[in-house]
file final.txt (compact mmCIF, C-alpha atoms)
# COMPACT_ATOMS: atom_id res chain seq x y z
CA MET Y 168 0.12 -16.17 -27.22
CA LYS Y 169 -2.08 -18.74 -28.98
CA SER Y 170 -5.65 -18.94 -27.70
CA LYS Y 171 -6.76 -22.29 -26.37
CA THR Y 172 -9.50 -24.16 -28.15
CA GLU Y 173 -12.70 -25.13 -26.38
CA ALA Y 174 -11.55 -28.75 -26.31
CA GLU Y 175 -8.22 -27.78 -24.75
CA ILE Y 176 -9.94 -25.71 -22.06
CA ILE Y 177 -12.32 -28.56 -21.23
CA ALA Y 178 -9.44 -31.04 -21.06
CA GLU Y 179 -7.53 -28.71 -18.73
CA LEU Y 180 -10.51 -28.28 -16.45
CA ASP Y 181 -11.16 -32.02 -16.43
CA GLY Y 182 -7.56 -32.49 -15.28
CA ARG Y 183 -8.34 -30.28 -12.29
CA ARG Y 184 -11.75 -31.79 -11.61
CA ASN Y 185 -12.32 -32.39 -7.91
CA LYS Y 186 -8.74 -31.30 -7.23
CA ILE Y 187 -7.18 -28.19 -5.73
CA VAL Y 188 -3.98 -27.55 -7.65
CA SER Y 189 -1.35 -25.19 -6.25
CA HIS Y 190 1.97 -24.14 -7.69
CA ASN Y 191 2.80 -21.89 -4.72
CA GLY Y 192 2.70 -24.35 -1.86
CA GLY Y 193 0.57 -26.02 0.76
CA TRP Y 194 0.48 -28.62 3.50
CA LEU Y 195 1.50 -32.18 2.69
CA PRO Y 196 0.54 -34.33 5.70
CA GLY Y 197 3.56 -36.16 7.02
CA LYS Y 198 5.93 -34.10 4.87
CA GLY Y 199 5.45 -30.50 5.94
CA VAL Y 200 4.21 -27.09 4.85
CA PHE Y 201 5.81 -25.56 1.76
CA ILE Y 202 5.91 -22.06 0.24
CA HIS Y 203 7.42 -21.89 -3.23
CA GLY Y 204 9.59 -24.91 -2.47
CA HIS Y 205 10.76 -23.69 0.94
CA ARG Y 206 9.89 -25.58 4.11
CA LEU Y 207 7.86 -23.21 6.27
CA LEU Y 208 8.34 -24.66 9.74
CA GLU Y 209 11.79 -26.19 9.42
CA ASP Y 210 13.41 -23.38 7.38
CA LEU Y 211 11.47 -20.13 7.13
CA VAL Y 212 10.04 -19.89 10.65
CA VAL Y 213 13.43 -20.71 12.17
CA ASN Y 214 15.59 -18.54 9.93
CA GLU Y 215 13.45 -15.82 8.37
CA SER Y 216 11.33 -12.94 9.68
CA TYR Y 217 7.57 -12.81 9.34
CA MET Y 218 7.96 -10.04 6.74
CA GLN Y 219 10.21 -12.22 4.62
CA ILE Y 220 7.48 -14.87 4.67
CA VAL Y 221 4.88 -12.24 3.72
CA VAL Y 222 6.96 -11.18 0.71
CA LEU Y 223 7.52 -14.80 -0.31
CA ASN Y 224 3.81 -15.59 -0.18
CA ALA Y 225 2.86 -12.40 -2.03
CA THR Y 226 5.52 -12.42 -4.74
CA GLY Y 227 7.35 -15.75 -4.77
CA LYS Y 228 10.57 -13.85 -4.03
CA LYS Y 229 12.87 -14.70 -1.13
CA VAL Y 230 14.37 -11.42 0.07
CA SER Y 231 17.38 -10.82 2.29
CA THR Y 232 17.13 -10.07 5.99
CA GLU Y 233 18.03 -6.43 5.33
CA LEU Y 234 15.48 -5.97 2.56
CA GLY Y 235 12.85 -7.70 4.66
CA GLN Y 236 13.59 -5.29 7.52
CA TRP Y 237 13.30 -2.32 5.16
CA MET Y 238 10.01 -3.56 3.74
CA GLU Y 239 8.64 -4.22 7.21
CA ALA Y 240 9.38 -0.62 8.22
CA ILE Y 241 6.68 0.55 5.81
CA PHE Y 242 4.07 -1.08 8.06
CA GLY Y 243 5.43 1.03 10.90
CA CYS Y 244 5.25 4.17 8.76
CA MET Y 245 1.57 3.42 8.04
CA SER Y 246 0.56 2.63 11.65
CA TRP Y 247 -0.73 6.03 12.76
CA PRO Y 248 -3.46 5.56 15.41
CA ASP Y 249 -5.08 8.86 14.43
CA PRO Y 250 -8.90 8.63 14.15
CA ARG Y 251 -9.01 11.65 11.85
CA ILE Y 252 -7.64 9.47 9.04
CA TRP Y 253 -10.51 8.02 7.04
CA CYS Y 254 -9.64 4.33 7.34
CA ASN Y 255 -9.00 4.80 11.07
CA GLN Y 256 -12.37 6.50 11.52
CA ILE Y 257 -13.98 3.23 10.50
CA GLY Y 258 -11.98 1.41 13.17
CA ALA Y 259 -13.02 3.99 15.78
CA LEU Y 260 -16.70 3.79 14.82
CA ALA Y 261 -16.55 -0.01 14.89
CA GLY Y 262 -15.01 0.14 18.36
CA GLU Y 263 -17.78 2.42 19.57
CA THR Y 264 -20.43 0.00 18.31
CA LYS Y 265 -18.60 -2.90 20.00
CA ALA Y 266 -17.98 -4.73 16.73
CA SER Y 267 -15.24 -7.35 16.80
CA VAL Y 268 -11.65 -6.22 16.37
CA SER Y 269 -11.39 -8.43 13.28
CA ALA Y 270 -14.40 -6.80 11.63
CA ALA Y 271 -13.13 -3.33 12.51
CA THR Y 272 -9.61 -3.92 11.24
CA VAL Y 273 -10.73 -5.54 7.99
CA ALA Y 274 -13.30 -2.82 7.27
CA GLY Y 275 -10.81 -0.03 7.98
CA THR Y 276 -8.12 -1.73 5.93
CA LEU Y 277 -10.48 -2.03 2.99
CA ALA Y 278 -11.05 1.74 3.15
CA GLY Y 279 -7.32 2.13 2.55
CA ASP Y 280 -7.71 0.41 -0.82
CA SER Y 281 -8.03 3.77 -2.53
CA ARG Y 282 -6.66 5.22 -5.74
CA ALA Y 283 -5.75 8.41 -3.87
CA TYR Y 284 -3.94 7.23 -0.72
CA ALA Y 285 -2.70 4.27 1.38
CA GLN Y 286 -2.09 0.88 -0.23
CA GLY Y 287 -4.31 1.56 -3.23
CA ALA Y 288 -2.05 4.40 -4.37
CA LEU Y 289 1.01 2.16 -4.66
CA ILE Y 290 0.12 0.82 -8.10
CA LYS Y 291 -0.10 4.34 -9.53
CA GLY Y 292 3.13 5.33 -7.80
CA MET Y 293 5.03 2.32 -9.13
CA ASP Y 294 3.59 2.73 -12.62
CA PHE Y 295 4.61 6.38 -12.67
CA ILE Y 296 8.25 5.92 -11.65
CA ARG Y 297 8.70 2.95 -14.00
CA GLY Y 298 7.11 4.90 -16.84
CA ALA Y 299 9.26 7.93 -16.04
CA MET Y 300 12.38 5.76 -16.13
CA ALA Y 301 11.40 4.42 -19.54
CA LYS Y 302 11.06 8.01 -20.81
CA VAL Y 303 14.45 8.99 -19.40
CA GLU Y 304 16.03 5.94 -21.00
CA SER Y 305 14.50 7.00 -24.32
CA GLY Y 306 16.16 10.43 -24.10
CA MET Y 307 14.00 12.74 -21.97
CA THR Y 308 15.46 14.58 -19.01
CA PRO Y 309 13.88 14.35 -15.53
CA GLN Y 310 12.85 18.00 -15.91
CA GLU Y 311 11.09 17.25 -19.19
CA VAL Y 312 9.33 14.24 -17.67
CA THR Y 313 8.18 16.40 -14.77
CA ASP Y 314 7.00 19.25 -16.99
CA ALA Y 315 5.05 16.85 -19.21
CA GLU Y 316 3.33 15.30 -16.21
CA VAL Y 317 2.43 18.70 -14.75
CA LYS Y 318 1.03 19.77 -18.11
CA ALA Y 319 -1.05 16.61 -18.29
CA ASN Y 320 -2.41 17.51 -14.84
CA ARG Y 321 -3.48 20.97 -16.07
CA GLY Y 322 -0.57 22.76 -14.49
CA LYS Y 323 -0.85 21.15 -11.07
CA PRO Y 324 1.90 19.10 -9.32
CA ASN Y 325 -0.49 16.19 -8.76
CA ILE Y 326 1.97 13.40 -9.49
CA MET Y 327 1.40 10.18 -7.56
CA GLY Y 328 4.27 9.81 -5.12
CA PHE Y 329 4.86 13.55 -4.84
CA ALA Y 330 3.14 16.38 -2.93
CA ARG Y 331 0.53 15.99 -0.17
CA PRO Y 332 -2.96 17.50 0.12
CA LEU Y 333 -2.73 18.64 3.76
CA ALA Y 334 0.95 19.36 4.35
CA GLN Y 335 4.22 19.98 2.57
CA GLY Y 336 6.91 17.35 2.90
CA ASP Y 337 6.58 13.89 4.41
CA GLU Y 338 8.33 13.05 7.67
CA ARG Y 339 8.17 9.35 6.83
CA VAL Y 340 10.61 9.85 3.96
CA SER Y 341 13.37 11.10 6.26
CA ALA Y 342 12.83 8.07 8.52
CA LEU Y 343 13.15 5.72 5.55
CA GLU Y 344 16.25 7.53 4.32
CA LYS Y 345 17.91 6.91 7.68
CA LEU Y 346 16.93 3.25 7.57
CA THR Y 347 18.16 2.90 3.97
CA ALA Y 348 21.57 4.23 4.99
CA LYS Y 349 21.64 2.15 8.19
CA LEU Y 350 20.99 -1.07 6.27
CA GLY Y 351 23.64 -0.23 3.66
CA PHE Y 352 21.41 0.23 0.62
CA ALA Y 353 22.63 2.51 -2.16
CA VAL Y 354 20.39 4.93 -4.05
CA GLY Y 355 19.47 3.14 -7.28
CA PRO Y 356 18.43 4.66 -10.63
CA HIS Y 357 14.67 4.72 -9.96
CA LEU Y 358 15.09 6.33 -6.55
CA GLN Y 359 17.59 8.83 -7.96
CA LEU Y 360 15.06 9.70 -10.65
CA ALA Y 361 12.47 10.25 -7.91
CA TYR Y 362 14.89 12.69 -6.25
CA ASP Y 363 15.43 14.47 -9.58
CA ILE Y 364 11.69 14.85 -10.08
CA GLU Y 365 11.36 16.09 -6.51
CA GLU Y 366 14.00 18.74 -7.19
CA ALA Y 367 12.10 19.93 -10.27
CA LEU Y 368 8.78 20.04 -8.43
CA PHE Y 369 10.22 21.80 -5.40
CA ALA Y 370 11.79 24.52 -7.52
CA ARG Y 371 8.47 25.26 -9.22
CA PHE Y 372 5.83 24.43 -6.60
CA GLY Y 373 7.60 23.90 -3.28
CA GLU Y 374 6.35 20.30 -3.27
CA SER Y 375 8.46 17.25 -2.45
CA MET Y 376 8.39 13.48 -2.46
CA ASN Y 377 6.00 11.56 -0.21
CA ILE Y 378 6.25 8.01 1.11
CA VAL Y 379 4.67 6.49 -2.01
CA GLY Y 380 7.30 8.14 -4.21
CA TYR Y 381 10.15 6.95 -2.02
CA MET Y 382 8.77 3.43 -1.73
CA SER Y 383 8.15 3.23 -5.47
CA GLY Y 384 11.66 4.31 -6.40
CA PHE Y 385 13.34 2.05 -3.85
CA LEU Y 386 11.27 -1.06 -4.57
CA ALA Y 387 11.47 -0.59 -8.34
CA ASP Y 388 15.26 -0.61 -7.95
CA HIS Y 389 14.91 -3.96 -6.18
CA GLY Y 390 12.96 -5.52 -9.03
CA PHE Y 391 9.42 -5.38 -7.71
CA THR Y 392 6.46 -4.75 -9.99
CA ALA Y 393 3.49 -2.55 -9.14
CA GLU Y 394 1.22 -5.53 -8.55
CA GLU Y 395 3.77 -7.23 -6.30
CA VAL Y 396 4.14 -4.13 -4.12
CA TYR Y 397 0.36 -3.77 -3.91
CA ARG Y 398 0.03 -7.39 -2.79
CA VAL Y 399 2.74 -7.10 -0.13
CA TYR Y 400 1.18 -3.97 1.38
CA ALA Y 401 -2.48 -4.89 1.01
CA VAL Y 402 -3.02 -4.60 4.79
CA SER Y 403 -0.39 -1.96 5.57
CA VAL Y 404 -2.78 0.36 7.47
CA MET Y 405 -4.19 -2.33 9.73
CA SER Y 406 -2.25 -1.51 12.91
CA GLY Y 407 -3.43 2.10 12.97
CA VAL Y 408 -7.01 0.95 12.41
CA THR Y 409 -6.73 -1.51 15.30
CA GLY Y 410 -5.28 1.20 17.53
CA CYS Y 411 -8.28 3.46 16.90
CA TYR Y 412 -10.68 0.56 17.43
CA VAL Y 413 -9.14 -0.23 20.81
CA GLU Y 414 -9.36 3.37 22.03
CA TYR Y 415 -13.10 3.60 21.46
CA ALA Y 416 -13.99 -0.01 22.21
CA ASP Y 417 -12.70 0.59 25.75
CA GLN Y 418 -14.85 3.69 26.29
CA PRO Y 419 -18.60 4.13 26.93
CA ALA Y 420 -20.83 4.49 23.88
CA ASN Y 421 -21.19 7.75 21.92
CA GLN Y 422 -17.68 9.06 22.62
CA PHE Y 423 -16.52 9.31 19.00
CA LEU Y 424 -17.60 12.54 17.27
CA PRO Y 425 -20.86 13.10 19.20
CA LEU Y 426 -23.21 15.58 17.50
CA ARG Y 427 -26.25 17.66 18.36
CA CYS Y 428 -29.01 18.20 15.82
CA GLU Y 429 -27.92 21.83 15.43
CA ASP Y 430 -24.44 20.67 14.41
CA ILE Y 431 -25.90 19.43 11.12
CA ASP Y 432 -26.20 21.99 8.33
CA TYR Y 433 -29.33 20.75 6.60
CA VAL Y 434 -29.72 22.10 3.05
CA GLY Y 435 -32.58 19.91 1.83
CA VAL Y 436 -36.27 20.56 1.31
CA GLY Y 437 -37.86 22.81 3.96
CA ILE Y 438 -40.28 21.66 6.65
CA ARG Y 439 -43.57 20.56 5.10
CA SER Y 440 -46.76 18.80 6.13
CA VAL Y 441 -47.19 15.08 5.55
CA ARG Y 442 -50.94 15.52 4.90

call {"tool": "encode", "arguments": {"input": "final.txt", "output": "structure tokens"}}
result
Amino acid sequence: MKSKTEAEIIAELDGRRNKIVSHNGGWLPGKGVFIHGHRLLEDLVVNESYMQIVVLNATGKKVSTELGQWMEAIFGCMSWPDPRIWCNQIGALAGETKASVSAATVAGTLAGDSRAYAQGALIKGMDFIRGAMAKVESGMTPQEVTDAEVKANRGKPNIMGFARPLAQGDERVSALEKLTAKLGFAVGPHLQLAYDIEEALFARFGESMNIVGYMSGFLADHGFTAEEVYRVYAVSVMSGVTGCYVEYADQPANQFLPLRCEDIDYVGVGIRSVR
């Protein structure tokens, strides 16, 4: 792609001077609200689900009712109101300090933007399954792809989308499999590859696919990129965070993980005089 000259950049910026230019949509007074050419109030609100609108805003893609229902189910899978989960701990602590529910939910959701888990892990999961598919299409077997990835991880089954640090298996996958069948979706090539990799990992390590692996295979088969999936699920943990906020916001102060001084294992410098 040819680089723009300084004069071309200045001319382009001058064309936008004192203007807000949008290609995705907006509100035109007297005409309506539009998202990627679709009328929000007259068409989408009446005929589409909220999740379908979320996907349209995040990706520009208008998905079917069934696919929208499947994609919405992920939010349910990520809505655990368990304050032991790191992002939910932030919601619980915010509730105890009587912060606003908005502040608590946003702060906890941001903690889910991690490379290791929650919505932040989706980019790595999508990149892996797409890269694995490219290798298979170039002649490698799923077993060879798996072995190469394990070798790159120094002999450990630490492949994004597979295995879990605290438990074996992932109960959310079986729920999604039931929903996939209920909605009439077939297993596509990326998801089948994820199953093949799972089989290879299970035989060697007893580890299986987790929700990121299943999501990545399924959504790759439906044409989504890693960045699109990340954008759709940017706030996927929010309901669990809110649930933990509510529990502790409705209690007296100091109810979440109270500690005594002797509960702290201090390993710093010993007691010394300030003189």

call {"tool": "closest_residue", "arguments": {"input": "final.txt", "among": "Y:Thr392, Y:Gln236, Y:Thr172, Y:Gln359", "to": "Asp294 in chain Y", "atoms": "only C-alpha atoms"}}
result
Y:Thr392

call {"tool": "closest_atom_pairs", "arguments": {"input": "final.txt", "of": "range 214-312 of chain Y", "to": "range 175-198 of chain Y", "cutoff": "12 Å", "atoms": "all atoms listed in the file", "output": "Markdown table"}}
result
| residue | atom | partner | partner_atom | distance |
| --- | --- | --- | --- | --- |
| Y:Leu223 | CA | Y:Asn191 | CA | 9.6 |
| Y:Asn224 | CA | Y:Asn191 | CA | 7.8 |
| Y:Ala225 | CA | Y:Asn191 | CA | 9.9 |
| Y:Thr226 | CA | Y:Asn191 | CA | 9.9 |
| Y:Gly227 | CA | Y:Asn191 | CA | 7.6 |
| Y:Lys228 | CA | Y:Asn191 | CA | 11.2 |

call {"tool": "closest_atom_pairs", "arguments": {"input": "final.txt", "of": "range 212-266 of chain Y", "to": "range 322-339 of chain Y", "cutoff": "12 Å", "atoms": "all atoms listed in the file", "output": "tab-separated table"}}
result
residue	atom	partner	partner_atom	distance
Y:Ala240	CA	Y:Arg339	CA	10.1
Y:Ile241	CA	Y:Arg339	CA	9.0
Y:Phe242	CA	Y:Arg339	CA	11.3
Y:Gly243	CA	Y:Arg339	CA	9.7
Y:Cys244	CA	Y:Arg339	CA	6.3
Y:Met245	CA	Y:Arg339	CA	9.0
Y:Ser246	CA	Y:Arg339	CA	11.2
Y:Trp247	CA	Y:Arg339	CA	11.2
Y:Ile252	CA	Y:Leu333	CA	11.7

call {"tool": "residues_around", "arguments": {"input": "final.txt", "residues": "Ile290 in chain Y", "least_positions_apart": "5", "cutoff": "9 Å", "atoms": "only C-alpha atoms", "output": "list of chain:residue names"}}
result
Y:Arg282, Y:Phe295, Y:Ser383, Y:Thr392, Y:Ala393, Y:Glu394, Y:Val396, Y:Tyr397

call {"tool": "atom_distance", "arguments": {"input": "final.txt", "atom1": "CA of Cys411 in chain Y", "atom2": "CA of Trp237 in chain Y"}}
result
25.2 Å

call {"tool": "decode", "arguments": {"input": "final.txt", "residues": "range 298-312 of chain Y", "atoms": "N, CA and C atoms", "output": "PDB file, in the first residue's frame"}}
result
ATOM      1  N   GLY Y 298      -4.132 -20.470  12.959  1.00  0.00           N
ATOM      2  CA  GLY Y 298      -2.778 -20.857  12.562  1.00  0.00           C
ATOM      3  C   GLY Y 298      -2.642 -22.360  12.417  1.00  0.00           C
ATOM      4  N   ALA Y 299      -3.289 -23.105  13.319  1.00  0.00           N
ATOM      5  CA  ALA Y 299      -3.256 -24.564  13.235  1.00  0.00           C
ATOM      6  C   ALA Y 299      -3.928 -25.047  11.962  1.00  0.00           C
ATOM      7  N   MET Y 300      -5.038 -24.412  11.589  1.00  0.00           N
ATOM      8  CA  MET Y 300      -5.722 -24.792  10.356  1.00  0.00           C
ATOM      9  C   MET Y 300      -4.838 -24.543   9.141  1.00  0.00           C
ATOM     10  N   ALA Y 301      -4.117 -23.436   9.155  1.00  0.00           N
ATOM     11  CA  ALA Y 301      -3.211 -23.139   8.038  1.00  0.00           C
ATOM     12  C   ALA Y 301      -2.132 -24.213   7.923  1.00  0.00           C
ATOM     13  N   LYS Y 302      -1.636 -24.703   9.055  1.00  0.00           N
ATOM     14  CA  LYS Y 302      -0.616 -25.753   9.043  1.00  0.00           C
ATOM     15  C   LYS Y 302      -1.181 -27.065   8.524  1.00  0.00           C
ATOM     16  N   VAL Y 303      -2.413 -27.389   8.936  1.00  0.00           N
ATOM     17  CA  VAL Y 303      -3.050 -28.614   8.458  1.00  0.00           C
ATOM     18  C   VAL Y 303      -3.280 -28.537   6.950  1.00  0.00           C
ATOM     19  N   GLU Y 304      -3.701 -27.376   6.487  1.00  0.00           N
ATOM     20  CA  GLU Y 304      -3.933 -27.203   5.054  1.00  0.00           C
ATOM     21  C   GLU Y 304      -2.639 -27.276   4.245  1.00  0.00           C
ATOM     22  N   SER Y 305      -1.512 -27.021   4.922  1.00  0.00           N
ATOM     23  CA  SER Y 305      -0.220 -27.096   4.230  1.00  0.00           C
ATOM     24  C   SER Y 305       0.380 -28.501   4.296  1.00  0.00           C
ATOM     25  N   GLY Y 306      -0.302 -29.430   5.007  1.00  0.00           N
ATOM     26  CA  GLY Y 306       0.148 -30.818   4.992  1.00  0.00           C
ATOM     27  C   GLY Y 306       0.411 -31.463   6.327  1.00  0.00           C
ATOM     28  N   MET Y 307       0.422 -30.700   7.424  1.00  0.00           N
ATOM     29  CA  MET Y 307       0.648 -31.291   8.735  1.00  0.00           C
ATOM     30  C   MET Y 307      -0.610 -31.987   9.230  1.00  0.00           C
ATOM     31  N   THR Y 308      -0.432 -32.987  10.074  1.00  0.00           N
ATOM     32  CA  THR Y 308      -1.572 -33.637  10.709  1.00  0.00           C
ATOM     33  C   THR Y 308      -1.896 -32.905  12.018  1.00  0.00           C
ATOM     34  N   PRO Y 309      -3.118 -33.055  12.535  1.00  0.00           N
ATOM     35  CA  PRO Y 309      -3.436 -32.466  13.842  1.00  0.00           C
ATOM     36  C   PRO Y 309      -2.480 -32.927  14.946  1.00  0.00           C
ATOM     37  N   GLN Y 310      -2.061 -34.192  14.883  1.00  0.00           N
ATOM     38  CA  GLN Y 310      -1.115 -34.708  15.881  1.00  0.00           C
ATOM     39  C   GLN Y 310       0.211 -33.969  15.782  1.00  0.00           C
ATOM     40  N   GLU Y 311       0.677 -33.742  14.564  1.00  0.00           N
ATOM     41  CA  GLU Y 311       1.951 -33.040  14.373  1.00  0.00           C
ATOM     42  C   GLU Y 311       1.851 -31.584  14.834  1.00  0.00           C
ATOM     43  N   VAL Y 312       0.715 -30.962  14.569  1.00  0.00           N
ATOM     44  CA  VAL Y 312       0.509 -29.581  15.028  1.00  0.00           C
ATOM     45  C   VAL Y 312       0.547 -29.538  16.549  1.00  0.00           C
TER      46      VAL Y 312
END
